[in-house]
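The next block is structure.txt, given as compact mmCIF, C-alpha atoms (C1' of nucleotides).
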# COMPACT_ATOMS: atom_id res chain seq x y z
CA MET A 1 -6.81 38.49 11.19
CA PRO A 2 -4.67 36.71 13.75
CA TYR A 3 -7.50 34.53 15.05
CA THR A 4 -8.25 33.09 11.64
CA GLY A 5 -4.58 32.36 10.92
CA GLU A 6 -4.00 30.68 14.23
CA HIS A 7 -7.16 28.67 13.95
CA LYS A 8 -6.16 27.46 10.50
CA GLN A 9 -2.78 26.39 11.82
CA GLN A 10 -4.45 24.36 14.53
CA SER A 11 -6.70 22.67 12.01
CA ARG A 12 -3.73 21.88 9.82
CA GLN A 13 -1.90 20.37 12.76
CA ARG A 14 -4.88 18.19 13.65
CA ILE A 15 -5.11 16.97 10.06
CA LEU A 16 -1.41 16.07 10.00
CA GLU A 17 -1.71 14.17 13.25
CA SER A 18 -4.73 12.12 12.27
CA ALA A 19 -3.30 11.55 8.79
CA TYR A 20 -0.08 10.04 10.08
CA ARG A 21 -1.90 8.01 12.69
CA LEU A 22 -4.13 6.46 10.03
CA PHE A 23 -1.47 6.08 7.32
CA SER A 24 0.91 4.28 9.67
CA SER A 25 -1.88 2.00 10.86
CA ARG A 26 -3.45 1.08 7.55
CA GLY A 27 -1.31 2.38 4.67
CA TYR A 28 -1.88 5.23 2.26
CA ASP A 29 -4.42 3.69 -0.10
CA ASN A 30 -6.62 2.24 2.60
CA VAL A 31 -7.29 5.56 4.28
CA SER A 32 -9.71 8.07 2.81
CA ILE A 33 -9.57 11.83 3.13
CA ASN A 34 -13.02 11.56 4.64
CA GLU A 35 -11.73 9.43 7.52
CA ILE A 36 -8.76 11.67 8.13
CA MET A 37 -10.94 14.76 8.31
CA ASN A 38 -13.50 13.08 10.56
CA GLU A 39 -10.72 11.97 12.93
CA ALA A 40 -9.62 15.61 12.97
CA SER A 41 -13.21 16.71 13.70
CA MET A 42 -13.81 18.28 10.31
CA THR A 43 -15.59 17.35 7.12
CA ARG A 44 -14.20 16.28 3.78
CA GLY A 45 -14.79 19.48 1.87
CA GLY A 46 -12.55 21.52 4.12
CA PHE A 47 -9.51 19.47 3.31
CA TYR A 48 -8.54 21.33 0.16
CA ALA A 49 -8.20 24.62 2.04
CA HIS A 50 -5.14 23.06 3.73
CA PHE A 51 -3.50 20.73 1.24
CA GLU A 52 -3.33 20.60 -2.51
CA ASN A 53 -4.23 16.92 -2.65
CA LYS A 54 -3.86 13.64 -0.83
CA SER A 55 -0.31 13.10 -2.07
CA ALA A 56 0.87 16.45 -0.67
CA LEU A 57 -0.65 15.50 2.67
CA TYR A 58 1.21 12.18 2.63
CA GLN A 59 4.53 13.87 2.11
CA GLU A 60 3.95 16.39 4.87
CA SER A 61 2.67 13.77 7.27
CA ILE A 62 5.94 11.84 6.89
CA ARG A 63 7.93 14.95 7.78
CA TYR A 64 5.57 15.66 10.64
CA ALA A 65 5.92 12.14 12.07
CA ALA A 66 9.70 12.32 11.81
CA SER A 67 9.72 15.63 13.67
CA VAL A 68 7.86 14.22 16.67
CA SER A 69 9.49 10.77 16.72
CA GLY A 70 11.14 9.47 19.87
CA LEU A 71 14.51 9.69 18.12
CA LYS A 72 14.16 13.47 18.13
CA GLN A 73 14.07 13.74 21.92
CA ASN A 74 16.95 15.63 23.49
CA LYS A 75 19.46 13.72 25.54
CA PRO A 76 19.49 14.86 29.18
CA GLU A 77 22.85 16.30 30.25
CA SER A 78 23.19 13.70 32.98
CA VAL A 79 23.04 10.74 30.60
CA ASP A 80 26.06 9.60 28.60
CA GLY A 81 25.97 8.84 24.87
CA GLU A 82 26.07 5.08 25.16
CA SER A 83 23.24 4.90 27.67
CA TRP A 84 21.21 7.22 25.50
CA ILE A 85 21.67 4.95 22.48
CA HIS A 86 20.34 2.08 24.57
CA THR A 87 17.33 4.19 25.54
CA LEU A 88 16.65 5.09 21.91
CA LEU A 89 16.90 1.44 20.83
CA GLU A 90 14.60 0.40 23.62
CA GLY A 91 11.99 2.94 22.56
CA TYR A 92 12.30 2.23 18.85
CA LEU A 93 12.23 -1.56 19.00
CA HIS A 94 9.45 -1.61 21.55
CA LYS A 95 6.48 -3.92 21.23
CA GLN A 96 4.10 -1.00 21.59
CA ASN A 97 5.08 -0.12 18.02
CA LEU A 98 3.85 -3.48 16.74
CA ASP A 99 0.11 -2.94 16.42
CA GLY A 100 -1.54 -0.04 14.68
CA GLU A 101 0.27 3.23 14.74
CA CYS A 102 4.01 3.34 14.90
CA GLN A 103 6.17 6.30 15.77
CA CYS A 104 8.56 5.90 12.86
CA PRO A 105 7.40 6.48 9.28
CA LEU A 106 10.58 4.83 7.97
CA ALA A 107 9.37 1.54 9.40
CA SER A 108 5.62 1.82 9.02
CA LEU A 109 5.63 3.10 5.43
CA ALA A 110 8.81 1.74 3.84
CA THR A 111 7.43 -0.33 0.99
CA ASP A 112 4.41 1.92 0.70
CA VAL A 113 6.64 4.92 -0.05
CA ALA A 114 8.73 2.99 -2.58
CA VAL A 115 5.88 3.07 -5.10
CA ARG A 116 4.91 6.76 -4.73
CA ASP A 117 5.93 9.91 -6.54
CA PRO A 118 9.34 11.58 -6.14
CA GLN A 119 8.22 14.22 -3.64
CA ILE A 120 7.09 11.57 -1.20
CA ARG A 121 10.26 9.56 -1.64
CA LYS A 122 12.26 12.72 -1.07
CA ALA A 123 10.57 13.25 2.31
CA TYR A 124 11.40 9.63 3.16
CA THR A 125 15.02 9.99 2.05
CA GLU A 126 15.58 13.07 4.17
CA THR A 127 14.03 11.37 7.17
CA PHE A 128 16.38 8.42 6.70
CA LYS A 129 19.39 10.72 6.54
CA GLY A 130 18.18 12.42 9.70
CA MET A 131 17.91 9.13 11.57
CA ASN A 132 21.46 8.18 10.63
CA ALA A 133 22.75 11.58 11.71
CA ILE A 134 21.13 11.26 15.13
CA ILE A 135 22.53 7.79 15.78
CA GLN A 136 25.97 8.79 14.51
CA LYS A 137 26.04 11.83 16.79
CA TYR A 138 25.62 9.80 19.97
CA VAL A 139 27.72 6.85 18.82
CA ASP A 140 30.65 9.18 18.21
CA THR A 141 30.83 9.84 21.96
CA TYR A 142 31.88 6.30 22.82
CA SER A 143 32.69 4.22 19.73
CA ASP A 144 34.67 4.28 16.49
CA CYS A 145 31.69 2.92 14.55
CA GLU A 146 31.57 4.76 11.24
CA ARG A 147 29.00 5.59 8.60
CA GLN A 148 28.79 2.05 7.23
CA GLY A 149 28.06 0.49 10.60
CA VAL A 150 25.52 3.14 11.48
CA MET A 151 23.66 2.78 8.18
CA ALA A 152 23.52 -0.98 8.51
CA THR A 153 22.24 -0.58 12.05
CA THR A 154 19.47 1.82 11.09
CA ALA A 155 18.50 -0.56 8.28
CA MET A 156 18.30 -3.34 10.84
CA MET A 157 16.17 -1.23 13.20
CA ILE A 158 13.80 -0.19 10.44
CA GLY A 159 13.69 -3.67 8.91
CA GLY A 160 13.27 -5.37 12.26
CA LEU A 161 10.32 -3.21 13.20
CA ALA A 162 8.75 -3.33 9.73
CA VAL A 163 8.99 -7.12 9.50
CA ALA A 164 7.83 -7.61 13.08
CA ARG A 165 4.73 -5.55 12.27
CA ALA A 166 3.98 -7.79 9.30
CA LEU A 167 4.37 -11.08 11.20
CA ASN A 168 1.28 -12.95 12.25
CA ASP A 169 3.01 -14.43 15.28
CA LYS A 170 3.34 -12.15 18.28
CA ARG A 171 5.97 -14.23 20.03
CA LEU A 172 8.20 -14.33 16.96
CA ALA A 173 7.71 -10.59 16.41
CA GLU A 174 8.85 -9.77 19.94
CA GLU A 175 11.78 -12.14 19.63
CA LEU A 176 12.81 -10.36 16.45
CA LEU A 177 12.68 -6.95 18.11
CA GLU A 178 14.83 -8.23 20.96
CA ALA A 179 17.35 -9.79 18.57
CA CYS A 180 17.70 -6.53 16.66
CA LYS A 181 18.17 -4.59 19.88
CA GLN A 182 21.02 -6.80 21.06
CA GLU A 183 22.77 -6.95 17.71
CA ALA A 184 22.39 -3.20 17.22
CA ILE A 185 24.22 -2.62 20.47
CA ASN A 186 26.99 -4.95 19.33
CA MET A 187 27.25 -3.41 15.89
CA LEU A 188 27.39 0.14 17.19
CA ASN A 189 30.29 -0.84 19.42
CA GLY A 190 32.25 -0.69 16.23
CA ALA A 191 35.24 -2.97 16.09
CA THR A 192 34.76 -6.41 14.56
CA ILE A 193 36.57 -9.65 15.10
CA GLU A 194 38.67 -8.92 12.06
CA ASP A 195 39.81 -5.62 13.53
CA LEU A 196 40.89 -7.33 16.72
CA LEU A 197 42.72 -10.07 14.92
CA VAL A 198 44.64 -7.56 12.88
CA GLU A 199 45.63 -5.67 15.99
CA ASP A 200 46.92 -8.83 17.65
CA MET B 201 -9.46 -34.38 -19.31
CA PRO B 202 -5.71 -34.11 -18.93
CA TYR B 203 -5.36 -31.36 -21.56
CA THR B 204 -7.81 -29.07 -19.83
CA GLY B 205 -6.26 -29.63 -16.42
CA GLU B 206 -2.77 -28.98 -17.65
CA HIS B 207 -3.86 -25.91 -19.54
CA LYS B 208 -5.52 -24.53 -16.45
CA GLN B 209 -2.37 -25.09 -14.44
CA GLN B 210 -0.35 -23.16 -16.98
CA SER B 211 -2.81 -20.29 -16.87
CA ARG B 212 -2.68 -20.26 -13.10
CA GLN B 213 1.09 -20.18 -13.17
CA ARG B 214 1.09 -17.23 -15.57
CA ILE B 215 -1.33 -15.35 -13.34
CA LEU B 216 0.85 -15.94 -10.28
CA GLU B 217 3.93 -14.73 -12.13
CA SER B 218 2.44 -11.53 -13.45
CA ALA B 219 0.69 -10.90 -10.13
CA TYR B 220 3.89 -11.01 -8.13
CA ARG B 221 5.76 -8.99 -10.72
CA LEU B 222 3.17 -6.23 -10.53
CA PHE B 223 2.58 -6.38 -6.76
CA SER B 224 6.29 -6.10 -5.99
CA SER B 225 6.64 -3.22 -8.44
CA ARG B 226 3.66 -1.14 -7.44
CA GLY B 227 2.03 -2.56 -4.30
CA TYR B 228 -1.20 -4.46 -3.84
CA ASP B 229 -3.74 -1.64 -4.07
CA ASN B 230 -2.23 -0.02 -7.12
CA VAL B 231 -2.54 -3.09 -9.29
CA SER B 232 -5.87 -4.18 -10.75
CA ILE B 233 -6.96 -7.68 -11.58
CA ASN B 234 -7.44 -6.42 -15.10
CA GLU B 235 -3.76 -5.54 -15.45
CA ILE B 236 -2.64 -8.81 -13.96
CA MET B 237 -4.79 -10.81 -16.35
CA ASN B 238 -3.72 -8.75 -19.36
CA GLU B 239 -0.07 -9.27 -18.44
CA ALA B 240 -0.85 -12.99 -18.31
CA SER B 241 -2.54 -12.75 -21.75
CA MET B 242 -6.06 -13.29 -20.47
CA THR B 243 -9.08 -11.16 -19.74
CA ARG B 244 -10.50 -10.06 -16.45
CA GLY B 245 -13.51 -12.31 -16.31
CA GLY B 246 -11.44 -15.48 -16.35
CA PHE B 247 -9.73 -14.61 -13.11
CA TYR B 248 -12.38 -16.06 -10.84
CA ALA B 249 -12.01 -19.49 -12.37
CA HIS B 250 -8.56 -19.60 -10.74
CA PHE B 251 -8.74 -17.64 -7.50
CA GLU B 252 -11.49 -16.87 -5.06
CA ASN B 253 -10.66 -13.18 -4.97
CA LYS B 254 -7.80 -10.70 -5.14
CA SER B 255 -6.75 -11.32 -1.55
CA ALA B 256 -6.34 -15.06 -2.14
CA LEU B 257 -4.18 -14.29 -5.16
CA TYR B 258 -2.00 -11.99 -3.05
CA GLN B 259 -1.37 -14.68 -0.51
CA GLU B 260 -0.49 -17.28 -3.11
CA SER B 261 1.71 -14.89 -5.06
CA ILE B 262 3.81 -14.32 -1.93
CA ARG B 263 4.32 -18.06 -1.53
CA TYR B 264 5.05 -18.36 -5.21
CA ALA B 265 7.68 -15.59 -5.14
CA ALA B 266 9.34 -17.14 -2.11
CA SER B 267 9.52 -20.49 -3.87
CA VAL B 268 11.42 -19.10 -6.85
CA SER B 269 13.61 -16.64 -4.94
CA GLY B 270 17.38 -16.70 -5.33
CA LEU B 271 17.66 -17.84 -1.71
CA LYS B 272 16.05 -21.12 -2.74
CA GLN B 273 18.81 -22.08 -5.16
CA ASN B 274 20.76 -25.18 -4.26
CA LYS B 275 24.35 -24.82 -3.21
CA PRO B 276 26.74 -26.57 -5.61
CA GLU B 277 28.72 -29.34 -3.94
CA SER B 278 31.98 -27.67 -4.84
CA VAL B 279 31.22 -24.47 -2.94
CA ASP B 280 31.66 -24.21 0.82
CA GLY B 281 29.02 -22.76 3.16
CA GLU B 282 30.73 -19.47 3.80
CA SER B 283 31.30 -18.70 0.11
CA TRP B 284 27.69 -19.61 -0.59
CA ILE B 285 26.47 -17.14 2.07
CA HIS B 286 28.50 -14.46 0.32
CA THR B 287 26.91 -15.39 -2.99
CA LEU B 288 23.43 -15.24 -1.48
CA LEU B 289 24.12 -11.84 0.08
CA GLU B 290 25.49 -10.56 -3.20
CA GLY B 291 22.37 -11.64 -5.04
CA TYR B 292 19.95 -10.40 -2.41
CA LEU B 293 21.48 -6.98 -1.81
CA HIS B 294 22.03 -6.37 -5.51
CA LYS B 295 21.15 -3.09 -7.13
CA GLN B 296 19.11 -4.88 -9.76
CA ASN B 297 16.52 -5.35 -7.01
CA LEU B 298 16.19 -1.60 -6.52
CA ASP B 299 13.84 -0.59 -9.31
CA GLY B 300 10.55 -2.23 -10.08
CA GLU B 301 10.26 -5.89 -9.38
CA CYS B 302 12.24 -7.47 -6.61
CA GLN B 303 12.90 -11.15 -6.06
CA CYS B 304 12.02 -11.11 -2.36
CA PRO B 305 8.44 -10.48 -1.20
CA LEU B 306 9.68 -9.97 2.36
CA ALA B 307 11.43 -6.80 1.22
CA SER B 308 9.12 -5.55 -1.51
CA LEU B 309 5.88 -6.02 0.44
CA ALA B 310 6.78 -5.71 4.12
CA THR B 311 4.66 -2.73 5.18
CA ASP B 312 2.06 -3.56 2.57
CA VAL B 313 1.46 -6.97 4.17
CA ALA B 314 1.30 -5.53 7.69
CA VAL B 315 -2.12 -4.02 7.02
CA ARG B 316 -3.72 -7.06 5.33
CA ASP B 317 -5.78 -9.94 6.59
CA PRO B 318 -4.39 -12.83 8.65
CA GLN B 319 -4.05 -15.27 5.75
CA ILE B 320 -1.72 -12.91 3.92
CA ARG B 321 0.32 -12.22 7.01
CA LYS B 322 0.57 -15.95 7.59
CA ALA B 323 2.11 -16.45 4.16
CA TYR B 324 4.56 -13.68 4.98
CA THR B 325 5.43 -15.15 8.36
CA GLU B 326 6.16 -18.56 6.91
CA THR B 327 8.33 -17.02 4.23
CA PHE B 328 10.30 -15.18 6.90
CA LYS B 329 10.82 -18.37 8.87
CA GLY B 330 11.99 -20.06 5.69
CA MET B 331 14.55 -17.35 4.98
CA ASN B 332 15.99 -17.67 8.47
CA ALA B 333 16.19 -21.45 8.14
CA ILE B 334 18.12 -21.22 4.89
CA ILE B 335 20.66 -18.74 6.24
CA GLN B 336 21.05 -20.71 9.46
CA LYS B 337 21.68 -23.92 7.53
CA TYR B 338 24.68 -22.55 5.68
CA VAL B 339 26.01 -20.45 8.57
CA ASP B 340 26.15 -23.58 10.73
CA THR B 341 28.88 -24.97 8.47
CA TYR B 342 31.44 -22.34 9.46
CA SER B 343 30.27 -20.16 12.37
CA ASP B 344 28.75 -20.34 15.84
CA CYS B 345 26.25 -17.59 14.99
CA GLU B 346 22.94 -18.56 16.55
CA ARG B 347 19.27 -17.84 16.02
CA GLN B 348 19.47 -14.28 17.38
CA GLY B 349 22.30 -13.26 15.08
CA VAL B 350 20.66 -14.85 12.07
CA MET B 351 17.31 -13.17 12.70
CA ALA B 352 18.93 -9.78 13.14
CA THR B 353 20.85 -10.34 9.92
CA THR B 354 17.78 -11.25 7.89
CA ALA B 355 16.02 -8.18 9.33
CA MET B 356 18.97 -6.10 8.16
CA MET B 357 18.89 -7.65 4.69
CA ILE B 358 15.15 -7.14 4.33
CA GLY B 359 15.25 -3.66 5.85
CA GLY B 360 18.27 -2.61 3.83
CA LEU B 361 16.67 -3.62 0.57
CA ALA B 362 13.24 -2.23 1.48
CA VAL B 363 14.63 1.13 2.54
CA ALA B 364 17.00 1.32 -0.43
CA ARG B 365 14.00 0.81 -2.73
CA ALA B 366 12.19 3.70 -1.06
CA LEU B 367 15.10 6.15 -1.27
CA ASN B 368 15.06 8.82 -3.94
CA ASP B 369 18.84 8.88 -4.14
CA LYS B 370 20.44 6.11 -6.16
CA ARG B 371 23.92 6.65 -4.80
CA LEU B 372 22.73 6.49 -1.20
CA ALA B 373 20.64 3.41 -1.96
CA GLU B 374 23.62 1.54 -3.39
CA GLU B 375 25.79 2.63 -0.48
CA LEU B 376 23.17 1.24 1.90
CA LEU B 377 23.08 -2.12 0.11
CA GLU B 378 26.87 -2.33 0.29
CA ALA B 379 26.91 -1.43 3.99
CA CYS B 380 24.37 -4.13 4.79
CA LYS B 381 26.34 -6.69 2.79
CA GLN B 382 29.56 -6.02 4.71
CA GLU B 383 27.92 -5.89 8.11
CA ALA B 384 25.92 -9.03 7.40
CA ILE B 385 29.13 -10.90 6.72
CA ASN B 386 30.56 -9.63 10.00
CA MET B 387 27.46 -10.45 11.99
CA LEU B 388 27.16 -13.96 10.62
CA ASN B 389 30.73 -14.62 11.69
CA GLY B 390 29.24 -14.91 15.11
CA ALA B 391 31.53 -13.93 17.94
CA THR B 392 31.43 -10.34 19.19
CA ILE B 393 33.98 -8.20 20.90
CA GLU B 394 32.42 -9.10 24.22
CA ASP B 395 32.91 -12.79 23.56
CA LEU B 396 36.57 -12.27 22.80
CA LEU B 397 37.12 -10.11 25.85
CA VAL B 398 35.60 -12.74 28.07
CA GLU B 399 37.85 -15.38 26.59
CA ASP B 400 40.95 -13.29 27.21
C1' DG C 401 -12.38 -21.93 -18.90
C1' DT C 402 -12.53 -17.87 -21.10
C1' DC C 403 -14.92 -14.16 -22.87
C1' DT C 404 -18.14 -9.58 -22.84
C1' DA C 405 -21.22 -6.84 -20.41
C1' DT C 406 -22.79 -4.91 -16.31
C1' DA C 407 -24.11 -4.06 -11.36
C1' DT C 408 -22.29 -1.74 -7.54
C1' DT C 409 -19.28 0.58 -4.52
C1' DG C 410 -15.97 3.82 -2.88
C1' DG C 411 -13.28 7.70 -2.95
C1' DG C 412 -10.77 11.90 -5.00
C1' DA C 413 -11.80 16.25 -6.37
C1' DT C 414 -14.80 20.42 -7.38
C1' DA C 415 -18.81 23.92 -6.98
C1' DG C 416 -21.08 26.92 -4.35
C1' DA C 417 -23.61 28.43 0.08
C1' DC C 418 -22.56 30.51 4.47
C1' DG D 419 -12.30 28.20 6.21
C1' DT D 420 -15.69 25.07 6.65
C1' DC D 421 -19.76 23.02 5.21
C1' DT D 422 -23.12 20.09 1.84
C1' DA D 423 -23.93 18.29 -2.55
C1' DT D 424 -22.31 16.44 -6.64
C1' DC D 425 -19.42 14.82 -10.57
C1' DC D 426 -16.59 11.37 -12.17
C1' DC D 427 -13.71 7.60 -12.63
C1' DA D 428 -11.65 3.18 -11.39
C1' DA D 429 -11.99 -1.32 -9.84
C1' DT D 430 -14.10 -5.62 -7.63
C1' DA D 431 -17.17 -8.93 -8.51
C1' DT D 432 -21.03 -11.27 -10.93
C1' DA D 433 -24.14 -12.91 -14.82
C1' DG D 434 -24.45 -15.24 -18.76
C1' DA D 435 -22.96 -16.42 -23.72
C1' DC D 436 -19.93 -19.55 -26.15
Step by step, read the file and then write its structure as structure tokens.
Amino acid sequence: MPYTGEHKQQSRQRILESAYRLFSSRGYDNVSINEIMNEASMTRGGFYAHFENKSALYQESIRYAASVSGLKQNKPESVDGESWIHTLLEGYLHKQNLDGECQCPLASLATDVAVRDPQIRKAYTETFKGMNAIIQKYVDTYSDCERQGVMATTAMMIGGLAVARALNDKRLAEELLEACKQEAINMLNGATIEDLLVED
Amino acid sequence: MPYTGEHKQQSRQRILESAYRLFSSRGYDNVSINEIMNEASMTRGGFYAHFENKSALYQESIRYAASVSGLKQNKPESVDGESWIHTLLEGYLHKQNLDGECQCPLASLATDVAVRDPQIRKAYTETFKGMNAIIQKYVDTYSDCERQGVMATTAMMIGGLAVARALNDKRLAEELLEACKQEAINMLNGATIEDLLVED
DNA sequence: GTCTATATTGGGATAGAC
DNA sequence: GTCTATCCCAATATAGAC
């Protein structure tokens, strides 16, 4: 029955979308299955035809969000690696990510994930590795910045956005995003003062 | 009645301690007032003699944790500012903060706070400002690193620790802490490649 | 100020009709 | 596969004894 299968896939997709939207806005515990299903234009009872339980949905919604994040966009041929990194930073540390939903589960759910079961943390860990791989790939086209610098930069991006979302002071939050953007560009340029001094 | 007043203060202190310990380990929603009171050797009913509700306790426990954090220790006279920054980084990005409780509420509760009421976010915001002020104070003794660099560094420290706590891979988590430590030292040294190039 | 007992709510999960 | 109805448990908050 192709219709039934396709229809089920569409329902599943809608559930994943509304789940991530609500989880990133309000956290795992503060969102009910009822709300998620309503937002996906279904009722509560139907949920268990798609997911084993709420925890399984959480895990899959993290993977889903990572797969549609701005970081996953393909670089146009005409743009060089360094410019593309700037574009990615601009999109990631953008003030539109401050209120409510947020494109990146690494930032919106960091401390929430830390207290969940291993399957959920595994989805988070793989997403983090993926983010580092993407940044490294483009950085390699113009800089000698290595794994350590890239990891510290992604931590700063995630931390900057996560903290900015928690702040109760919009001006400070936007200042923080801007600071992280500038320093990320510096850090990804690779060489440090020490390197230069040694070369002198 | 001095005895009664003092006794109440001690009870309140015990509640704040066990509250922060449990909140930082398992998040706000996953900890019940019952558990907190048991951990403080009291019973549930007594709670409301000390705090208006659970939310008020959350707010005060964040301020309490910030007040006893390692960052609040006083620098010994004999140690210079730069060495002290290294000591603070070592303590903050230490693997003993990975499992369970964590000295810094900014890292252990970042995304948890983002979805709470304004009073809680205010406590978080003030704690963040305090962390920046402390780092800036010591950095000023040896570097020209300004507000932007300090804010980006604290975001990296908080983000590094928060993400490392969420990861399901101990080796990767420790590598991340180490990367943030090294890059924080670099960043707090202030000048960037661009600065040096301009000076040339 | 601390205790026990309880009112009340909310939400995860299941049963069963269609 | 989706719906309605229901079971069940956990947790906040309150009432009232001591």
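Across A:Gln103, A:Glu17, A:Phe47, A:Ala155, the tightest approach to DG419 of chain D is made by A:Phe47 when counting all atoms listed in the file.
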Output the contact residues of chain A with respect to chain D at a cut-off of 8 Å, based on all atoms listed in the file, as a short mmCIF file (atom, residue, chain, number, x, y, z; two decimals) with C-alpha atoms, keeping the file's coordinate frame.
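Output file result24.cif is given in full below:
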data_model
loop_
_atom_site.label_atom_id
_atom_site.label_comp_id
_atom_site.auth_asym_id
_atom_site.auth_seq_id
_atom_site.Cartn_x
_atom_site.Cartn_y
_atom_site.Cartn_z
CA LYS A 8 -6.16 27.46 10.50
CA MET A 42 -13.81 18.28 10.31
CA THR A 43 -15.59 17.35 7.12
CA GLY A 45 -14.79 19.48 1.87
CA GLY A 46 -12.55 21.52 4.12
CA ALA A 49 -8.20 24.62 2.04
#
Review point. Could you state the separation of atom CA of Leu22 of chain A and atom CA of Leu98 of chain A in Å, given to one decimal place?
Key: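 Separation of atom CA of Leu22 of chain A and atom CA of Leu98 of chain A: 14.4 Å.
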Check your understanding: Skipping near chain neighbours, those fewer than 5 positions away, what residues fall within 7 Å of segment 328-343 of chain B using only C-alpha atoms (C1' of nucleotides), listed as a list in words?
Key ->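 Those residues are Gly281, Glu282, Ile285, Leu306, Val350, Met351, Thr354, Leu388, Asn389 and Gly390 of chain B.
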Let me see the file: selected residues, C-alpha atoms, as a compact mmCIF listing (two decimals), in the frame of the given file.
# COMPACT_ATOMS: atom_id res chain seq x y z
CA GLY B 281 29.02 -22.76 3.16
CA GLU B 282 30.73 -19.47 3.80
CA ILE B 285 26.47 -17.14 2.07
CA LEU B 306 9.68 -9.97 2.36
CA VAL B 350 20.66 -14.85 12.07
CA MET B 351 17.31 -13.17 12.70
CA THR B 354 17.78 -11.25 7.89
CA LEU B 388 27.16 -13.96 10.62
CA ASN B 389 30.73 -14.62 11.69
CA GLY B 390 29.24 -14.91 15.11
Practice item. Point out the residue among B:Arg221, B:His250, B:Arg347, B:Arg226 with the least atom-to-atom distance to chain C, counting only C-alpha atoms (C1' of nucleotides). Key: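 Looking at the shortest contact to chain C, the residue is B:His250.
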Counting all atoms listed in the file, give me one row per residue of chain C with an atom at most 10 Å from an atom of chain B, showing the shortest contact pair and its distance in Å to one decimal, sorted by chain then residue number, as a Markdown table.
| residue | atom | partner | partner_atom | distance |
| --- | --- | --- | --- | --- |
| C:DG401 | C1' | B:Ala249 | CA | 7.0 |
| C:DT402 | C1' | B:Gly246 | CA | 5.4 |
| C:DC403 | C1' | B:Gly245 | CA | 7.0 |
| C:DT404 | C1' | B:Gly245 | CA | 8.5 |
Please build the interface table for chain A against chain B with a cut-off of 8 Å, listing for each qualifying residue the nearest atom pair and the distance in Å to one decimal; count all atoms listed in the file, order rows by chain and increasing number, and write it as a Markdown table.
| residue | atom | partner | partner_atom | distance |
| --- | --- | --- | --- | --- |
| A:Ser25 | CA | B:Val315 | CA | 7.1 |
| A:Arg26 | CA | B:Val315 | CA | 5.3 |
| A:Gly27 | CA | B:Val315 | CA | 6.9 |
| A:Asp29 | CA | B:Asp229 | CA | 6.7 |
| A:Leu106 | CA | B:Val363 | CA | 7.7 |
| A:Ala107 | CA | B:Thr311 | CA | 7.6 |
| A:Ser108 | CA | B:Thr311 | CA | 6.0 |
| A:Leu109 | CA | B:Thr311 | CA | 5.9 |
| A:Ala110 | CA | B:Val363 | CA | 6.0 |
| A:Thr111 | CA | B:Thr311 | CA | 5.6 |
| A:Asp112 | CA | B:Asp312 | CA | 6.2 |
| A:Val113 | CA | B:Ala366 | CA | 5.8 |
| A:Ala114 | CA | B:Ala366 | CA | 3.8 |
| A:Val115 | CA | B:Arg226 | CA | 5.3 |
| A:Pro118 | CA | B:Asn368 | CA | 6.7 |
| A:Arg121 | CA | B:Asn368 | CA | 5.4 |
| A:Lys122 | CA | B:Asn368 | CA | 5.6 |
| A:Tyr124 | CA | B:Leu367 | CA | 6.7 |
| A:Thr125 | CA | B:Leu367 | CA | 5.1 |
| A:Gln148 | CA | B:Ala379 | CA | 5.1 |
| A:Gly149 | CA | B:Glu383 | CA | 6.9 |
| A:Met151 | CA | B:Leu376 | CA | 6.5 |
| A:Ala152 | CA | B:Cys380 | CA | 4.9 |
| A:Thr153 | CA | B:Met356 | CA | 7.5 |
| A:Ala155 | CA | B:Gly360 | CA | 4.9 |
| A:Met156 | CA | B:Met356 | CA | 3.9 |
| A:Met157 | CA | B:Met356 | CA | 7.5 |
| A:Ile158 | CA | B:Gly359 | CA | 5.9 |
| A:Gly159 | CA | B:Gly359 | CA | 3.4 |
| A:Gly160 | CA | B:Ala355 | CA | 4.9 |
| A:Ala162 | CA | B:Thr311 | CA | 6.1 |
| A:Val163 | CA | B:Ala310 | CA | 6.0 |
| A:Arg165 | CA | B:Ala314 | CA | 5.7 |
| A:Ala166 | CA | B:Ala314 | CA | 3.9 |
| A:Leu167 | CA | B:Thr325 | CA | 5.1 |
| A:Asn168 | CA | B:Arg321 | CA | 5.4 |
| A:Asp169 | CA | B:Thr325 | CA | 7.4 |
| A:Leu176 | CA | B:Met351 | CA | 6.5 |
| A:Ala179 | CA | B:Gln348 | CA | 5.1 |
| A:Cys180 | CA | B:Ala352 | CA | 4.9 |
| A:Glu183 | CA | B:Ala352 | CA | 6.6 |
| A:Asn186 | CA | B:Thr392 | CA | 7.0 |
| A:Ala191 | CA | B:Ile393 | CA | 7.2 |
| A:Thr192 | CA | B:Ile393 | CA | 6.6 |
| A:Ile193 | CA | B:Ile393 | CA | 6.5 |
**Study point:** Between atom CA of Gly91 of chain A and atom CA of Glu146 of chain A - distance in Å to one decimal
**Key:**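 Those two atoms sit 22.7 Å apart.
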Practice item. Figure out the distance between atom CA of Tyr20 of chain A and atom CA of Leu57 of chain A, please, to one decimal in Å. Key: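 Here the two named atoms are 9.2 Å from each other.
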